[in-house]
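Notes for the one structure printed next.
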Amino acid sequence: MRELLHAKIHRATVTHVEPDYIGSIGIDRTLLEKADIWAGEKVLVSDLNNGARFETYVVEEEADSGIIAVNGAAAHLVRKGDKVIIMAFELSKFPLKAKIVLVDDRNRFVKYL
């Protein structure tokens, strides 16, 4: 078994930062559906502005809200307006074709890469 990328939301913009929260990253439900990422799924987040990387779990936000909310301790690693890449992985015996979702500055789906 190998751990392979199965989904990625590319260049999302952080809209909310809330350190006084139990933890997680909130993501617009429409983007979760496009990328095939589930609520509760572990993701790796990479901040393109400062190079910070962290793992957390997904919380579903309202569809078409454009929300990307970094909560809890990870909120200290990003700033509102930062660009992030959100990656989800899967264990598999076989190669996977990852769903890679490109978004615009308002976190709206643009196209699959």
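In the structure tokens, each chain is lettered A, B, ... as it comes, each chain's residues begin at 1, and ligands are numbered from 1 in order of appearance.
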Which residues of range 47-70 of chain A have any atom within 12 Å of an atom in range 86-110 of chain A when counting only C-alpha atoms, and what is the closest pair of atoms for each, with the distance in Å to one decimal? Order the rows by chain and rising number and write it as JSON lines.
{"residue": "A:Asp47", "atom": "CA", "partner": "A:Ile86", "partner_atom": "CA", "distance": 9.0}
{"residue": "A:Leu48", "atom": "CA", "partner": "A:Ile86", "partner_atom": "CA", "distance": 10.8}
{"residue": "A:Arg53", "atom": "CA", "partner": "A:Ile86", "partner_atom": "CA", "distance": 9.9}
{"residue": "A:Phe54", "atom": "CA", "partner": "A:Ile86", "partner_atom": "CA", "distance": 9.9}
{"residue": "A:Glu55", "atom": "CA", "partner": "A:Met87", "partner_atom": "CA", "distance": 9.4}
{"residue": "A:Thr56", "atom": "CA", "partner": "A:Ile86", "partner_atom": "CA", "distance": 10.1}
{"residue": "A:Tyr57", "atom": "CA", "partner": "A:Ala88", "partner_atom": "CA", "distance": 9.9}
{"residue": "A:Val58", "atom": "CA", "partner": "A:Ala88", "partner_atom": "CA", "distance": 10.0}
{"residue": "A:Ala63", "atom": "CA", "partner": "A:Arg108", "partner_atom": "CA", "distance": 10.4}
{"residue": "A:Asp64", "atom": "CA", "partner": "A:Arg108", "partner_atom": "CA", "distance": 7.4}
{"residue": "A:Ser65", "atom": "CA", "partner": "A:Asn107", "partner_atom": "CA", "distance": 8.5}
{"residue": "A:Gly66", "atom": "CA", "partner": "A:Asn107", "partner_atom": "CA", "distance": 4.9}
{"residue": "A:Ile67", "atom": "CA", "partner": "A:Asn107", "partner_atom": "CA", "distance": 7.3}
{"residue": "A:Ile68", "atom": "CA", "partner": "A:Asn107", "partner_atom": "CA", "distance": 7.9}
{"residue": "A:Ala69", "atom": "CA", "partner": "A:Asn107", "partner_atom": "CA", "distance": 11.6}
{"residue": "A:Val70", "atom": "CA", "partner": "A:Ile86", "partner_atom": "CA", "distance": 11.3}
Please, could you write that set of residues out with N, CA and C atoms as an mmCIF file, in the first residue's frame?
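As a result, part06.cif now contains:
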data_model
loop_
_atom_site.group_PDB
_atom_site.id
_atom_site.type_symbol
_atom_site.label_atom_id
_atom_site.label_comp_id
_atom_site.auth_asym_id
_atom_site.auth_seq_id
_atom_site.Cartn_x
_atom_site.Cartn_y
_atom_site.Cartn_z
ATOM 1 N N ASP A 47 0.738 26.653 3.053
ATOM 2 C CA ASP A 47 0.536 28.090 2.855
ATOM 3 C C ASP A 47 1.573 28.589 1.848
ATOM 4 N N LEU A 48 1.112 29.093 0.709
ATOM 5 C CA LEU A 48 2.018 29.564 -0.333
ATOM 6 C C LEU A 48 2.693 30.879 0.027
ATOM 7 N N ARG A 53 3.209 24.418 6.785
ATOM 8 C CA ARG A 53 2.454 23.214 6.416
ATOM 9 C C ARG A 53 1.896 22.617 7.698
ATOM 10 N N PHE A 54 0.639 22.155 7.636
ATOM 11 C CA PHE A 54 0.029 21.539 8.813
ATOM 12 C C PHE A 54 -1.050 20.565 8.383
ATOM 13 N N GLU A 55 -1.322 19.601 9.254
ATOM 14 C CA GLU A 55 -2.414 18.656 9.044
ATOM 15 C C GLU A 55 -3.552 19.015 9.973
ATOM 16 N N THR A 56 -4.763 18.814 9.482
ATOM 17 C CA THR A 56 -5.957 19.029 10.284
ATOM 18 C C THR A 56 -7.083 18.217 9.654
ATOM 19 N N TYR A 57 -8.295 18.413 10.141
ATOM 20 C CA TYR A 57 -9.444 17.710 9.569
ATOM 21 C C TYR A 57 -10.429 18.731 9.014
ATOM 22 N N VAL A 58 -11.278 18.279 8.112
ATOM 23 C CA VAL A 58 -12.194 19.150 7.381
ATOM 24 C C VAL A 58 -13.533 19.283 8.096
ATOM 25 N N ALA A 63 -22.436 25.728 1.167
ATOM 26 C CA ALA A 63 -22.152 25.649 -0.270
ATOM 27 C C ALA A 63 -22.137 27.037 -0.893
ATOM 28 N N ASP A 64 -21.196 27.249 -1.800
ATOM 29 C CA ASP A 64 -21.038 28.496 -2.547
ATOM 30 C C ASP A 64 -20.756 29.710 -1.670
ATOM 31 N N SER A 65 -20.299 29.474 -0.439
ATOM 32 C CA SER A 65 -19.957 30.569 0.469
ATOM 33 C C SER A 65 -18.558 31.108 0.209
ATOM 34 N N GLY A 66 -17.698 30.296 -0.406
ATOM 35 C CA GLY A 66 -16.308 30.689 -0.624
ATOM 36 C C GLY A 66 -15.448 30.625 0.623
ATOM 37 N N ILE A 67 -15.986 30.064 1.697
ATOM 38 C CA ILE A 67 -15.261 30.055 2.967
ATOM 39 C C ILE A 67 -14.131 29.033 2.964
ATOM 40 N N ILE A 68 -12.962 29.511 3.369
ATOM 41 C CA ILE A 68 -11.816 28.682 3.737
ATOM 42 C C ILE A 68 -11.386 29.232 5.096
ATOM 43 N N ALA A 69 -11.750 28.530 6.164
ATOM 44 C CA ALA A 69 -11.537 29.018 7.525
ATOM 45 C C ALA A 69 -10.539 28.129 8.261
ATOM 46 N N VAL A 70 -9.409 28.706 8.631
ATOM 47 C CA VAL A 70 -8.397 27.965 9.382
ATOM 48 C C VAL A 70 -8.613 28.266 10.868
#
All helix (DSSP H, G or I) positions in chain A, as an mmCIF file with C-alpha atoms, in the first residue's frame:
data_model
loop_
_atom_site.group_PDB
_atom_site.id
_atom_site.type_symbol
_atom_site.label_atom_id
_atom_site.label_comp_id
_atom_site.auth_asym_id
_atom_site.auth_seq_id
_atom_site.Cartn_x
_atom_site.Cartn_y
_atom_site.Cartn_z
ATOM 1 C CA ARG A 29 -19.173 22.368 0.542
ATOM 2 C CA THR A 30 -19.192 22.943 -3.227
ATOM 3 C CA LEU A 31 -15.386 22.690 -3.302
ATOM 4 C CA LEU A 32 -15.475 19.578 -1.118
ATOM 5 C CA GLU A 33 -17.868 17.924 -3.572
ATOM 6 C CA LYS A 34 -15.813 18.950 -6.623
ATOM 7 C CA ALA A 35 -12.616 17.586 -5.031
ATOM 8 C CA GLY A 72 -7.494 26.395 16.269
ATOM 9 C CA ALA A 73 -3.718 26.250 16.656
ATOM 10 C CA ALA A 74 -3.198 26.209 12.869
ATOM 11 C CA ALA A 75 -4.726 29.708 12.729
ATOM 12 C CA HIS A 76 -1.389 30.968 14.066
ATOM 13 C CA LEU A 77 0.319 29.660 10.904
#
Spatial neighbours of Arg11 in chain A, max dist 6 Å, only C-alpha atoms, sep filter under 3 positions, as a list in words
Lys83, Val84 and Ile85 of chain A
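The gap separating CA of Trp38 in chain A from CA of Ser24 in chain A is 12.8 Å, in Å to one decimal.
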Taking only chain A into account, list the residues labelled strand (DSSP E) by DSSP (computed from the backbone), as an MDAnalysis selection string.
chainID A and resid 2:13 16:18 24:28 42:47 53:61 68:71 83:92 99:103 109:112
Can I get the selected residues back with C-alpha atoms, as an mmCIF file, in the first residue's frame?
data_model
loop_
_atom_site.group_PDB
_atom_site.id
_atom_site.type_symbol
_atom_site.label_atom_id
_atom_site.label_comp_id
_atom_site.auth_asym_id
_atom_site.auth_seq_id
_atom_site.Cartn_x
_atom_site.Cartn_y
_atom_site.Cartn_z
ATOM 1 C CA ARG A 2 1.136 3.512 -0.824
ATOM 2 C CA GLU A 3 -0.214 6.844 0.344
ATOM 3 C CA LEU A 4 -1.181 8.819 -2.772
ATOM 4 C CA LEU A 5 -2.712 12.205 -3.456
ATOM 5 C CA HIS A 6 -6.397 11.736 -4.253
ATOM 6 C CA ALA A 7 -7.616 15.354 -4.095
ATOM 7 C CA LYS A 8 -6.289 18.887 -4.086
ATOM 8 C CA ILE A 9 -7.825 22.357 -3.882
ATOM 9 C CA HIS A 10 -5.215 24.602 -5.482
ATOM 10 C CA ARG A 11 -4.581 28.256 -4.528
ATOM 11 C CA ALA A 12 -7.572 28.756 -2.238
ATOM 12 C CA THR A 13 -7.691 32.044 -0.343
ATOM 13 C CA HIS A 16 -11.306 33.377 8.121
ATOM 14 C CA VAL A 17 -8.715 32.765 10.846
ATOM 15 C CA GLU A 18 -10.027 31.769 14.287
ATOM 16 C CA SER A 24 -9.969 22.166 11.829
ATOM 17 C CA ILE A 25 -10.274 23.813 8.436
ATOM 18 C CA GLY A 26 -13.690 24.859 7.193
ATOM 19 C CA ILE A 27 -14.152 24.461 3.438
ATOM 20 C CA ASP A 28 -17.034 25.481 1.163
ATOM 21 C CA LYS A 42 -7.523 14.540 7.291
ATOM 22 C CA VAL A 43 -5.871 17.062 4.983
ATOM 23 C CA LEU A 44 -2.432 18.581 4.574
ATOM 24 C CA VAL A 45 -2.476 22.353 4.110
ATOM 25 C CA SER A 46 0.428 24.277 2.602
ATOM 26 C CA ASP A 47 0.536 28.090 2.855
ATOM 27 C CA ARG A 53 2.454 23.214 6.416
ATOM 28 C CA PHE A 54 0.029 21.539 8.813
ATOM 29 C CA GLU A 55 -2.414 18.656 9.044
ATOM 30 C CA THR A 56 -5.957 19.029 10.284
ATOM 31 C CA TYR A 57 -9.444 17.710 9.569
ATOM 32 C CA VAL A 58 -12.194 19.150 7.381
ATOM 33 C CA VAL A 59 -15.399 20.825 8.532
ATOM 34 C CA GLU A 60 -18.034 21.495 5.888
ATOM 35 C CA GLU A 61 -19.028 25.139 5.337
ATOM 36 C CA ILE A 68 -11.816 28.682 3.737
ATOM 37 C CA ALA A 69 -11.537 29.018 7.525
ATOM 38 C CA VAL A 70 -8.397 27.965 9.382
ATOM 39 C CA ASN A 71 -9.223 27.330 13.031
ATOM 40 C CA LYS A 83 -3.108 31.394 -0.626
ATOM 41 C CA VAL A 84 -3.158 27.736 0.412
ATOM 42 C CA ILE A 85 -3.095 24.319 -1.185
ATOM 43 C CA ILE A 86 -5.330 21.736 0.523
ATOM 44 C CA MET A 87 -4.364 18.114 -0.154
ATOM 45 C CA ALA A 88 -6.044 14.823 0.756
ATOM 46 C CA PHE A 89 -4.387 11.415 0.473
ATOM 47 C CA GLU A 90 -5.558 7.809 0.162
ATOM 48 C CA LEU A 91 -3.948 4.428 0.750
ATOM 49 C CA SER A 92 -3.993 2.317 -2.397
ATOM 50 C CA LYS A 99 -9.015 15.380 -8.582
ATOM 51 C CA ILE A 100 -7.235 18.729 -8.647
ATOM 52 C CA VAL A 101 -9.539 21.727 -8.329
ATOM 53 C CA LEU A 102 -8.371 25.222 -9.316
ATOM 54 C CA VAL A 103 -10.234 28.112 -7.694
ATOM 55 C CA PHE A 109 -14.414 26.548 -8.896
ATOM 56 C CA VAL A 110 -12.590 27.441 -12.132
ATOM 57 C CA LYS A 111 -11.597 24.090 -13.606
ATOM 58 C CA TYR A 112 -10.023 20.724 -12.969
#
